[in-house]
Every structure is written in C-alpha cells, then in structure tokens.
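Data block below; observations after.
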Amino acid sequence: MASSSSQPADHRRKWDREEYEKLAAQRIRKEKEGDDDDFMLPSKRELLKQRDYKVDLESRLGKSVVITKTTPAAQGAGYYCNVCDCIVKDSINFLDHINGKKHQRNLGMSMKVERSSVEQVKKRFEALKKKKEEKTKEYDLTERIQELKEEEEKLREYRREKRKERKRKHNEVDKSDQNDDNDDMAAMMGFSGFGSSKK
C-alpha cells in the first residue's frame with residue numbers, strides 16, 4: 001500500500017503556554033499593586049462564632065393556628081428562618097438548618113473555627129472556675145439547720161390550718177343536715193316547726 005494518505009490532523013486542543021504564563025504574571029502583578037478593577041479577591045468571611053441568643057423552639061408548641069393563602073410565611077406552619085427566607089417543618093431539621101453551611105454563609109460566616117491558643121484556654125478555665133465558685137453558696141451548718149426548721153414549721157402550720165378548715169366545713173355540713181332533718185320531721189308531723197329558745 002502506498003503511504004499517500006497522511007496522518008489525520010490532531011484533534012486535541014492545543015494551549016499556548018506562553019500566552020497563559022503572561023496572563024498569570026499580569027494577574028499576580030495587579031494583585032500586588034491592588035489596582036485591578038476587574039479582579040476582586042474573594043470576600044473574607046468571619047470565623048464561626050457561638051450563638052449569643054437562645055433558639056426559640058417551644059413558644060408555638062401545642063398551639064393551633066389557622067393558616068390561609070394570605071398568611072405570611074413567618075406565621076405559617078413550621079419554623080421560619082428569616083435569614084434564608086425558608087420554612088422548615090420540624091425542630092430537628094430547623095436546628096440542622098441553622099447549624100448548616102448555607103445558613104452560616106448567609107450570615108456571613110465560614111464553617112472554619114478560630115484556633116485557640118493555650119493562653120486563651122487557660123483564661124477560659126479561670127473564668128469558668130470563678131463563675132462556679134460564685135454560684136456555690138457556702139452554707140454554715142447551723143444556718144442551714146435553722147432554715148430547715150423554719151420550713152418544717154411553716155409546713156406544720158399550713159397542715160394545721162387545712163385540718164381546721166376541713167373540720168369547720170364538716171361541722172357546717174352536719175348542722176345543715178340536722179336542720180334539714182328537723183324541718184322534714186316537722187313537716188311530716190304537720191307542725192310548722194319545733195319551738196326554738198330564741199325569741
């Protein structure tokens with residue numbers, strides 16, 4: 001066979017290496033100078049921070065709400081996220097949402113956490129230790145015994161009052177029953193009433 005047919009043309013795309021090296025060098029130079037209007041550095045996001053508010057999951061628990069077509073999304077069924085403008089149907093998914101990447105990005109935070117130094121950790125431990133010491137109220141033994149005695153005395157007095165009240169009610173019921181029995185007996189005998197000592 002004759003080798004009159006030539007090799008097929010190379011179908012692969014060719015890159016001009018020199019041209020792209022020039023473009024990269026220009027981009028680096030502009031970054032250093034900071035005068036490029038077209039090129040912008042990616043926005044620096046804040047590091048992930050602890051929430052400084054309590055997430056409200058229980059305020060609408062067990063309540064019935066009438067929802068119509070005109071009801072705003074914030075008052076609709078489920079949990080409404082005003083940052084992402086979405087509704088999540090249950091509390092577990094809502095917590096997953098507010099701790100998730102999309103929500104944090106909309107808040108302007110990255111998912112990276114600030115790395116703490118040893119000094120920061122020591123300071124945090126000291127602060128927590130001071131807080132715990134302030135919370136624990138030192139009780140004097142005699143003071144504590146006196147408080148317990150006062151509480152017991154109040155409880156006894158409360159029980160006494162309850163017993164007296166029950167007796168009073170019981171006596172009143174008995175007297176009214178006795179008066180009813182006397183009136184019934186007098187009516188059966190044909191009397192208008194038994195004579196009383198009161199005039």
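Following the order of the structure tokens, chains are lettered A, B, ..., residues in each are numbered from 1, and ligands are numbered from 1.
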With a distance cut-off of 9 Å and only C-alpha atoms, select the neighbouring residues of Glu114 (chain A), excluding the residue or stretch itself and same-chain residues fewer than 4 positions from it, and output the selection as a ChimeraX atom specification.
/A:47-49
Residues as selected, N, CA and C atoms, written as a CSV table (one decimal), in the first residue's frame, can you do that?
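Result went into out_1.csv, see below:
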```csv
chain,number,residue,atom,x,y,z
A,47,LEU,N,-15.0,34.0,61.0
A,47,LEU,CA,-14.9,32.6,61.5
A,47,LEU,C,-16.1,32.3,62.3
A,48,LEU,N,-16.4,31.0,62.4
A,48,LEU,CA,-17.6,30.6,63.1
A,48,LEU,C,-17.6,31.0,64.5
A,49,LYS,N,-18.8,31.5,65.0
A,49,LYS,CA,-18.9,32.0,66.4
A,49,LYS,C,-20.0,31.3,67.1
```
Considering only C-alpha atoms, state which residue in the set A:Glu58, A:Lys32, A:Gln50, A:Gly76 is at the smallest distance from Lys89 (chain A).
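Using only C-alpha atoms, the shortest distance to Lys89 (chain A) belongs to A:Gly76.
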As a JSON list (two decimals) with C-alpha atoms, in the first residue's frame, which residues of region 68-139 of chain A does DSSP assign to strand (DSSP E or B)?
```
[["chain", "number", "residue", "atom", "x", "y", "z"],
["A", 79, "TYR", "CA", -40.20, 27.08, 61.78],
["A", 80, "TYR", "CA", -39.40, 30.14, 59.69],
["A", 81, "CYS", "CA", -35.79, 31.21, 59.04],
["A", 86, "CYS", "CA", -37.45, 29.42, 54.20],
["A", 87, "ILE", "CA", -39.78, 27.27, 56.30],
["A", 88, "VAL", "CA", -38.63, 24.08, 57.97],
["A", 109, "MET", "CA", -19.58, 33.24, 58.31],
["A", 110, "SER", "CA", -17.42, 30.42, 57.08],
["A", 111, "MET", "CA", -17.53, 27.00, 58.68],
["A", 112, "LYS", "CA", -13.97, 27.41, 59.98],
["A", 113, "VAL", "CA", -13.45, 27.78, 63.72]]
```
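If you measure from each of A:Leu155, A:Met188, A:Ile145, A:Val83 to Lys102 (chain A) using only C-alpha atoms, the closest one turns out to be A:Val83.
Taking CA of Lys22 (chain A) and CA of Ala9 (chain A) as endpoints, the distance between them is 28.3 Å.
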Please, what distance in Å, to one decimal, runs between CA of Ser116 (chain A) and CA of Asp56 (chain A)?
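These atoms are spaced 29.4 Å apart.
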